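Notes to accompany the following structure.
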Amino acid sequence: MHIHYAKNNKQIGPIIISDLKPNEISKETLVWFEGQADWIPAGEVEELKSYFSKVPPPLPKVERINQDGESQKAYEKRTDAIGFGILLIVLPIGVYFFKHLIEDSKFIYATYGFLLLLRIAAIVTVYKIAKEQNRGTDGWLIFALFLPSISLISIGNLGKKSQKSNYLDELEKIDDSN
């Protein structure tokens with residue numbers, strides 16, 4: 001039996017069912033063959049049921065193991081770190097523009113001391129998040145020493161860490177080439 005099927009909004013075929021490669025089509029792939037009025041999902045075609053019984057199930061999710069033997073987890077975006085980074089940008093600007101309203105120099109020096117403490121807290125926070133996410137702590141620490149607010153925003157936006165293995169990447173490349 002010859003079929004036509006849709007892939008990436010293109011019609012492919014005619015092709016003999018026995019010539020289909022494994023994973024070339026799924027049960028949801030639209031197919032058409034002589035005698036059909038319209039395109040239908042491949043899972044509804046009786047002649048294709050044996051093809052789908054030969055296709056292995058999807059691979060289980062691969063969990064990577066770090067150097068310490070612990071499994072890596074997916075990380076959500078850290079909105080607290082992003083907010084802290086934005087605060088570190090906005091506060092010094094506000095102090096700069098409003099310091100002329102404050103005549104007490106001790107208060108201004110105390111404010112600058114407080115901003116320095118916030119910068120140190122930002123560096124420590126970046127280091128902790130990098131360590132918690134199994135990222136290169138040395139690089140993040142150096143980045144945070146020079147640009148603590150930008151490093152906080154950056155590490156907070158990184159979000160999920162990739163969980164794919166090289167094997168799964170290769171499978172995707174093979175699937176895309178078909």
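If you're wondering about the labels, chains in the structure tokens are A, B, ... by order shown, residues count from 1 in each chain, ligands from 1 in order shown.
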
message: What's around A:Phe84 at 9 Å? Count only C-alpha atoms, leave out sequence neighbours fewer than 4 positions away in its own chain, and write the answer as JSON, numbers by chain.
response: {"A": [79, 80, 88, 89, 122, 149, 152, 153]}

task: Can you list, as a PyMOL selection string, all residues belonging to stretch 22-164 of chain A that DSSP tags as helix (DSSP H, G or I)?
output: chain A and resi 42-44+46-54+79-101+105-132+137-146+148-157

message: Which residues are close to A:Leu48, i.e. within 10 Å by only C-alpha atoms, leaving aside same-chain residues fewer than 4 positions away? Reply as a ChimeraX atom specification.
response: /A:1,17-18,27,42-44,52-53

Dump of C-alpha atoms for the selected residues, as a short mmCIF file (atom, residue, chain, number, x, y, z; two decimals), in the first residue's frame:
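See selection-v3.cif below for the written result:
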data_model
loop_
_atom_site.label_atom_id
_atom_site.label_comp_id
_atom_site.auth_asym_id
_atom_site.auth_seq_id
_atom_site.Cartn_x
_atom_site.Cartn_y
_atom_site.Cartn_z
CA MET A 1 0.00 0.00 0.00
CA ILE A 17 4.44 1.31 4.17
CA SER A 18 7.16 -1.34 4.40
CA LYS A 27 0.32 8.12 15.24
CA ALA A 42 -1.76 7.56 10.90
CA GLY A 43 -2.87 5.87 14.12
CA GLU A 44 -6.34 5.35 12.59
CA PHE A 52 3.57 1.43 15.26
CA SER A 53 3.96 -1.81 17.23
#

Excluding A:Leu20 and any residue of its chain fewer than 3 positions from it, enumerate the residues within 12 Å of it, using only C-alpha atoms, and give them as a PDB file with N, CA, C and O atoms, in the first residue's frame.
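Saved the output as around.pdb:
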ATOM      1  N   MET A   1       0.843  -1.173   0.000  1.00  0.00           N
ATOM      2  CA  MET A   1       0.000   0.000   0.000  1.00  0.00           C
ATOM      3  C   MET A   1       0.892   1.242   0.000  1.00  0.00           C
ATOM      4  O   MET A   1       1.843   1.341   0.763  1.00  0.00           O
ATOM      5  N   HIS A   2       0.585   2.207  -0.843  1.00  0.00           N
ATOM      6  CA  HIS A   2       1.314   3.473  -0.925  1.00  0.00           C
ATOM      7  C   HIS A   2       0.559   4.535  -0.130  1.00  0.00           C
ATOM      8  O   HIS A   2      -0.658   4.625  -0.224  1.00  0.00           O
ATOM      9  N   ILE A   3       1.332   5.324   0.650  1.00  0.00           N
ATOM     10  CA  ILE A   3       0.720   6.407   1.410  1.00  0.00           C
ATOM     11  C   ILE A   3       1.476   7.696   1.139  1.00  0.00           C
ATOM     12  O   ILE A   3       2.620   7.697   0.690  1.00  0.00           O
ATOM     13  N   HIS A   4       0.803   8.795   1.411  1.00  0.00           N
ATOM     14  CA  HIS A   4       1.413  10.131   1.435  1.00  0.00           C
ATOM     15  C   HIS A   4       1.283  10.585   2.880  1.00  0.00           C
ATOM     16  O   HIS A   4       0.296  10.267   3.543  1.00  0.00           O
ATOM     17  N   TYR A   5       2.282  11.304   3.368  1.00  0.00           N
ATOM     18  CA  TYR A   5       2.168  11.834   4.722  1.00  0.00           C
ATOM     19  C   TYR A   5       2.685  13.264   4.778  1.00  0.00           C
ATOM     20  O   TYR A   5       3.420  13.710   3.898  1.00  0.00           O
ATOM     21  N   ILE A  12       4.816  14.335   1.619  1.00  0.00           N
ATOM     22  CA  ILE A  12       5.867  13.392   1.251  1.00  0.00           C
ATOM     23  C   ILE A  12       5.195  12.117   0.776  1.00  0.00           C
ATOM     24  O   ILE A  12       4.248  11.628   1.377  1.00  0.00           O
ATOM     25  N   GLY A  13       5.712  11.572  -0.290  1.00  0.00           N
ATOM     26  CA  GLY A  13       5.163  10.324  -0.814  1.00  0.00           C
ATOM     27  C   GLY A  13       4.874  10.419  -2.287  1.00  0.00           C
ATOM     28  O   GLY A  13       5.144  11.455  -2.902  1.00  0.00           O
ATOM     29  N   PRO A  14       4.395   9.393  -2.866  1.00  0.00           N
ATOM     30  CA  PRO A  14       3.940   8.151  -2.243  1.00  0.00           C
ATOM     31  C   PRO A  14       5.116   7.288  -1.779  1.00  0.00           C
ATOM     32  O   PRO A  14       6.185   7.318  -2.349  1.00  0.00           O
ATOM     33  N   ILE A  15       4.875   6.575  -0.696  1.00  0.00           N
ATOM     34  CA  ILE A  15       5.874   5.669  -0.143  1.00  0.00           C
ATOM     35  C   ILE A  15       5.166   4.396   0.297  1.00  0.00           C
ATOM     36  O   ILE A  15       4.036   4.435   0.776  1.00  0.00           O
ATOM     37  N   ILE A  16       5.838   3.282   0.103  1.00  0.00           N
ATOM     38  CA  ILE A  16       5.285   1.993   0.517  1.00  0.00           C
ATOM     39  C   ILE A  16       5.443   1.885   2.030  1.00  0.00           C
ATOM     40  O   ILE A  16       6.489   2.234   2.578  1.00  0.00           O
ATOM     41  N   ILE A  17       4.417   1.395   2.703  1.00  0.00           N
ATOM     42  CA  ILE A  17       4.436   1.308   4.167  1.00  0.00           C
ATOM     43  C   ILE A  17       5.653   0.530   4.650  1.00  0.00           C
ATOM     44  O   ILE A  17       6.302   0.917   5.621  1.00  0.00           O
ATOM     45  N   ASN A  23      10.301   5.511  13.387  1.00  0.00           N
ATOM     46  CA  ASN A  23      10.062   6.875  13.883  1.00  0.00           C
ATOM     47  C   ASN A  23       9.911   7.907  12.769  1.00  0.00           C
ATOM     48  O   ASN A  23      10.003   9.099  13.019  1.00  0.00           O
ATOM     49  N   GLU A  24       9.706   7.478  11.545  1.00  0.00           N
ATOM     50  CA  GLU A  24       9.526   8.434  10.439  1.00  0.00           C
ATOM     51  C   GLU A  24       8.197   9.160  10.563  1.00  0.00           C
ATOM     52  O   GLU A  24       8.102  10.346  10.266  1.00  0.00           O
ATOM     53  N   ILE A  25       7.179   8.441  11.021  1.00  0.00           N
ATOM     54  CA  ILE A  25       5.879   9.063  11.263  1.00  0.00           C
ATOM     55  C   ILE A  25       5.402   8.643  12.648  1.00  0.00           C
ATOM     56  O   ILE A  25       5.868   7.660  13.210  1.00  0.00           O
ATOM     57  N   SER A  26       4.491   9.417  13.194  1.00  0.00           N
ATOM     58  CA  SER A  26       3.899   9.078  14.492  1.00  0.00           C
ATOM     59  C   SER A  26       2.418   8.794  14.290  1.00  0.00           C
ATOM     60  O   SER A  26       1.884   8.991  13.190  1.00  0.00           O
ATOM     61  N   LEU A  48      -1.235   0.475   9.175  1.00  0.00           N
ATOM     62  CA  LEU A  48      -0.071   1.039   9.853  1.00  0.00           C
ATOM     63  C   LEU A  48       0.071   0.562  11.306  1.00  0.00           C
ATOM     64  O   LEU A  48       1.061   0.858  11.959  1.00  0.00           O
ATOM     65  N   SER A  50       0.814  -2.326  12.522  1.00  0.00           N
ATOM     66  CA  SER A  50       2.013  -3.146  12.733  1.00  0.00           C
ATOM     67  C   SER A  50       3.266  -2.263  12.736  1.00  0.00           C
ATOM     68  O   SER A  50       4.234  -2.547  13.442  1.00  0.00           O
ATOM     69  N   TYR A  51       3.258  -1.171  11.959  1.00  0.00           N
ATOM     70  CA  TYR A  51       4.393  -0.233  11.952  1.00  0.00           C
ATOM     71  C   TYR A  51       4.568   0.387  13.332  1.00  0.00           C
ATOM     72  O   TYR A  51       5.680   0.467  13.843  1.00  0.00           O
ATOM     73  N   PHE A  52       3.477   0.784  13.955  1.00  0.00           N
ATOM     74  CA  PHE A  52       3.572   1.426  15.263  1.00  0.00           C
ATOM     75  C   PHE A  52       3.902   0.442  16.371  1.00  0.00           C
ATOM     76  O   PHE A  52       4.462   0.829  17.390  1.00  0.00           O
ATOM     77  N   LYS A  54       6.160  -1.782  16.101  1.00  0.00           N
ATOM     78  CA  LYS A  54       7.608  -1.986  16.000  1.00  0.00           C
ATOM     79  C   LYS A  54       8.397  -0.798  16.535  1.00  0.00           C
ATOM     80  O   LYS A  54       9.574  -0.914  16.810  1.00  0.00           O
ATOM     81  N   VAL A  55       7.761   0.350  16.654  1.00  0.00           N
ATOM     82  CA  VAL A  55       8.444   1.565  17.089  1.00  0.00           C
ATOM     83  C   VAL A  55       8.605   1.519  18.613  1.00  0.00           C
ATOM     84  O   VAL A  55       7.631   1.310  19.333  1.00  0.00           O
ATOM     85  N   ASN A 178      15.535  13.573   8.763  1.00  0.00           N
ATOM     86  CA  ASN A 178      14.539  12.763   8.030  1.00  0.00           C
ATOM     87  C   ASN A 178      13.470  13.633   7.596  1.00  0.00           C
ATOM     88  O   ASN A 178      12.638  13.954   7.258  1.00  0.00           O
TER      89      ASN A 178
END

- prompt: When you draw a straight line from atom CA of A:Leu117 to atom CA of A:Leu158, how long is it in Å?
  reply: 25.0 Å

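In this structure, atom CA of A:Asn157 sits 18.4 Å away from atom CA of A:Val90.
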
Pairwise distance for atom CA of A:Ala6 and atom CA of A:Val31, rounded to one decimal in Å: 6.5 Å
